[in-house]
file target.pdb (PDB, C-alpha atoms)
MODEL        1
ATOM      1  CA  MET A 877      32.446 155.495 119.720
ATOM      2  CA  ASP A 878      28.717 155.626 119.168
ATOM      3  CA  ARG A 879      27.174 153.969 122.233
ATOM      4  CA  VAL A 880      23.672 154.188 120.733
ATOM      5  CA  GLN A 881      24.870 152.158 117.740
ATOM      6  CA  LEU A 882      26.491 149.630 120.082
ATOM      7  CA  ARG A 883      23.202 149.249 121.946
ATOM      8  CA  GLU A 884      21.318 148.790 118.678
ATOM      9  CA  ASP A 885      23.860 146.203 117.544
ATOM     10  CA  LEU A 886      23.468 144.309 120.827
ATOM     11  CA  LEU A 887      19.708 144.274 120.345
ATOM     12  CA  THR A 888      19.705 143.229 116.702
ATOM     13  CA  VAL A 889      22.507 140.667 116.471
ATOM     14  CA  PHE A 890      21.975 138.846 119.783
ATOM     15  CA  ASN A 891      18.779 137.124 120.823
ATOM     16  CA  LEU A 892      17.845 137.183 124.510
ATOM     17  CA  ASP A 893      19.633 133.931 125.394
ATOM     18  CA  GLU A 894      22.777 135.023 123.553
ATOM     19  CA  PHE A 895      22.683 138.394 125.284
ATOM     20  CA  ARG A 896      22.378 136.682 128.673
ATOM     21  CA  LEU A 897      25.369 134.503 127.790
ATOM     22  CA  LEU A 898      27.354 137.568 126.691
ATOM     23  CA  CYS A 899      26.648 139.189 130.061
ATOM     24  CA  ARG A 900      27.730 136.036 131.888
ATOM     25  CA  ARG A 901      31.003 135.828 129.915
ATOM     26  CA  LEU A 902      31.703 139.434 130.911
ATOM     27  CA  GLY A 903      30.991 138.685 134.574
ATOM     28  CA  VAL A 904      27.797 140.741 134.675
ATOM     29  CA  GLU A 905      24.594 139.132 135.886
ATOM     30  CA  TYR A 906      21.821 139.856 133.389
ATOM     31  CA  ASP A 907      19.186 139.811 136.137
ATOM     32  CA  GLN A 908      21.171 142.368 138.148
ATOM     33  CA  LEU A 909      20.840 144.924 135.344
ATOM     34  CA  ARG A 910      17.897 146.983 136.610
ATOM     35  CA  GLY A 911      16.239 147.728 133.278
ATOM     36  CA  LYS A 912      12.864 146.249 132.453
ATOM     37  CA  THR A 913      13.317 145.798 128.714
ATOM     38  CA  PRO A 914      16.206 144.303 126.725
ATOM     39  CA  ARG A 915      16.887 147.829 125.375
ATOM     40  CA  ASP A 916      17.226 149.139 128.943
ATOM     41  CA  LYS A 917      19.456 146.240 129.946
ATOM     42  CA  ALA A 918      21.706 146.685 126.900
ATOM     43  CA  GLY A 919      22.137 150.364 127.751
ATOM     44  CA  LEU A 920      22.862 149.533 131.371
ATOM     45  CA  LEU A 921      25.415 146.897 130.348
ATOM     46  CA  ILE A 922      27.228 149.467 128.206
ATOM     47  CA  GLY A 923      27.142 152.008 131.049
ATOM     48  CA  THR A 924      28.353 149.481 133.607
ATOM     49  CA  MET A 925      31.219 148.355 131.414
ATOM     50  CA  GLU A 926      32.188 151.957 130.645
ATOM     51  CA  ARG A 927      32.148 153.028 134.300
ATOM     52  CA  ASN A 928      34.388 150.082 135.160
ATOM     53  CA  GLY A 929      36.825 150.821 132.344
ATOM     54  CA  ARG A 930      35.805 147.643 130.536
ATOM     55  CA  LEU A 931      33.996 149.020 127.484
ATOM     56  CA  PRO A 932      36.781 147.842 125.137
ATOM     57  CA  GLU A 933      36.327 144.339 126.555
ATOM     58  CA  LEU A 934      32.606 144.453 125.725
ATOM     59  CA  VAL A 935      33.279 145.677 122.196
ATOM     60  CA  GLN A 936      35.959 143.019 121.656
ATOM     61  CA  GLU A 937      33.582 140.305 122.834
ATOM     62  CA  VAL A 938      30.810 141.557 120.542
ATOM     63  CA  VAL A 939      33.200 141.572 117.579
ATOM     64  CA  ARG A 940      34.508 138.119 118.509
ATOM     65  CA  GLU A 941      30.968 136.763 118.539
ATOM     66  CA  ARG A 942      29.821 138.713 115.465
ATOM     67  CA  PRO A 943      32.856 139.230 113.181
ATOM     68  CA  HIS A 944      30.779 141.118 110.602
ATOM     69  CA  LEU A 945      30.719 144.033 113.080
ATOM     70  CA  GLU A 946      34.492 144.374 113.082
ATOM     71  CA  THR A 947      34.466 147.202 110.556
ATOM     72  CA  ASN A 948      32.134 149.197 112.830
ATOM     73  CA  TYR A 949      34.425 148.965 115.859
ATOM     74  CA  SER A 950      37.956 148.264 114.596
ATOM     75  CA  ALA A 951      39.187 151.847 115.050
ATOM     76  CA  TYR A 952      37.835 152.023 118.611
ATOM     77  CA  VAL A 953      39.350 148.689 119.576
ATOM     78  CA  ALA A 954      42.697 149.652 118.036
ATOM     79  CA  ILE A 955      42.808 152.933 119.931
ATOM     80  CA  GLU A 956      41.723 151.423 123.242
ATOM     81  CA  THR A 957      44.096 148.478 123.027
ATOM     82  CA  ALA A 958      47.171 150.448 121.915
ATOM     83  CA  ALA A 959      50.360 148.973 123.268
ATOM     84  CA  ALA A 960      51.250 150.310 126.700
ATOM     85  CA  ASP A 961      54.811 151.030 125.553
ATOM     86  CA  ASP A 962      53.490 153.063 122.620
ATOM     87  CA  PRO A 963      50.416 154.902 123.936
ATOM     88  CA  LEU A 964      50.297 157.242 120.935
ATOM     89  CA  SER A 965      50.387 154.523 118.276
ATOM     90  CA  TRP A 966      46.728 155.218 117.578
ATOM     91  CA  LEU A 967      47.793 158.567 116.094
ATOM     92  CA  ASP A 968      49.776 156.741 113.417
ATOM     93  CA  ARG A 969      46.733 154.655 112.532
ATOM     94  CA  LEU A 970      44.582 157.791 112.455
ATOM     95  CA  ALA A 971      47.047 159.474 110.089
ATOM     96  CA  LYS A 972      46.730 156.497 107.750
ATOM     97  CA  GLY A 973      42.960 157.039 107.624
ATOM     98  CA  GLU A 974      42.037 154.211 109.972
ATOM     99  CA  GLY A 975      39.100 155.407 112.029
ATOM    100  CA  PRO A 976      37.487 158.788 112.521
ATOM    101  CA  ALA A 977      39.661 161.781 113.326
ATOM    102  CA  ILE A 978      37.076 163.024 115.802
ATOM    103  CA  GLU A 979      33.872 161.364 116.885
ATOM    104  CA  GLU A 980      32.129 164.277 118.487
ATOM    105  CA  PRO A 981      32.300 167.988 117.710
ATOM    106  CA  PRO A 982      34.438 170.057 120.067
ATOM    107  CA  THR A 983      32.531 171.746 122.854
ATOM    108  CA  MET A 984      35.087 174.266 124.101
ATOM    109  CA  ARG A 985      35.060 177.827 122.888
ATOM    110  CA  TRP A 986      38.220 179.887 122.970
ATOM    111  CA  ASN A 987      38.180 183.542 123.828
ATOM    112  CA  THR A 988      39.501 185.195 120.661
ATOM    113  CA  GLU A 989      39.057 188.735 121.880
ATOM    114  CA  ILE A 990      42.315 190.747 121.776
ATOM    115  CA  ILE A 991      42.961 192.699 124.930
ATOM    116  CA  GLU A 992      45.155 195.779 124.552
ATOM    117  CA  ASP A 993      47.627 196.631 127.283
ATOM    118  CA  ASP A 994      46.819 200.217 128.443
ATOM    119  CA  ASP A 995      49.861 200.566 130.712
ATOM    120  CA  GLU A 996      52.016 202.221 128.032
TER     121      GLU A 996
ENDMDL
END
call {"tool": "encode", "arguments": {"input": "target.pdb", "output": "structure tokens"}}
result
Amino acid sequence: MDRVQLREDLLTVFNLDEFRLLCRRLGVEYDQLRGKTPRDKAGLLIGTMERNGRLPELVQEVVRERPHLETNYSAYVAIETAAADDPLSWLDRLAKGEGPAIEEPPTMRWNTEIIEDDDE
């Protein structure tokens, strides 16, 4: 999921009072977020929620408050809230074309060099 886009959405679709209320509903004190600007505080809220394993909760709350954003985050929410008894159900949704197959390019490089065995 694009965290920069989430931050921009928080800044554009919520005014300051609404953003404070969103923080309160999530159990995060707005004034405890150390940033000086609303942009800083939005980024810190996203980071805090992610570190505590609660980023899906933040996204769900944003979508609940602003339903027009559902298309932006539906694939992420579906993957993160997959049924515990079917943890790979998100693969079925991906196969149907729901959501991106990969959000970020792979970073690993495989060694493709063939090494000959000289023992023979």
call {"tool": "atom_distance", "arguments": {"input": "target.pdb", "atom1": "CA of Asp907 (chain A)", "atom2": "CA of Asp878 (chain A)"}}
result
25.1 Å
call {"tool": "atom_distance", "arguments": {"input": "target.pdb", "atom1": "CA of Gln908 (chain A)", "atom2": "CA of His944 (chain A)"}}
result
29.2 Å
call {"tool": "closest_residue", "arguments": {"input": "target.pdb", "among": "A:Ala918, A:Val880, A:Val953, A:Val889", "to": "Val935 (chain A)", "atoms": "only C-alpha atoms"}}
result
A:Val953
call {"tool": "atom_distance", "arguments": {"input": "target.pdb", "atom1": "CA of Val904 (chain A)", "atom2": "CA of Glu956 (chain A)"}}
result
20.9 Å
call {"tool": "closest_residue", "arguments": {"input": "target.pdb", "among": "A:Tyr952, A:Phe890, A:Phe895, A:Tyr906", "to": "Met877 (chain A)", "atoms": "all atoms listed in the file"}}
result
A:Tyr952
call {"tool": "resolve_selection", "arguments": {"input": "target.pdb", "expression": "the PyMOL selection byres ((chain A and resi 924) around 12)", "output": "list in words"}}
result
Cys899, Leu902, Gly903, Val904, Glu905, Tyr906, Gln908, Leu909, Arg910, Lys917, Ala918, Gly919, Leu920, Leu921, Ile922, Gly923, Met925, Glu926, Arg927, Asn928, Gly929, Arg930, Leu931, Glu933 and Leu934 of chain A
call {"tool": "closest_residue", "arguments": {"input": "target.pdb", "among": "A:Gln881, A:Leu887, A:Arg901, A:Leu892", "to": "Asn948 (chain A)", "atoms": "only C-alpha atoms"}}
result
A:Gln881
call {"tool": "axis_aligned_box", "arguments": {"input": "target.pdb", "around": "region 926-934 of chain A", "padding_each_side": "6 Å", "output": "AutoDock Vina command-line options"}}
result
--center_x 34.5 --center_y 148.7 --center_z 130.1 --size_x 16.7 --size_y 20.7 --size_z 22.0
call {"tool": "closest_residue", "arguments": {"input": "target.pdb", "among": "A:Lys912, A:Arg879, A:Asp885, A:Glu992", "to": "Leu945 (chain A)", "atoms": "only C-alpha atoms"}}
result
A:Asp885
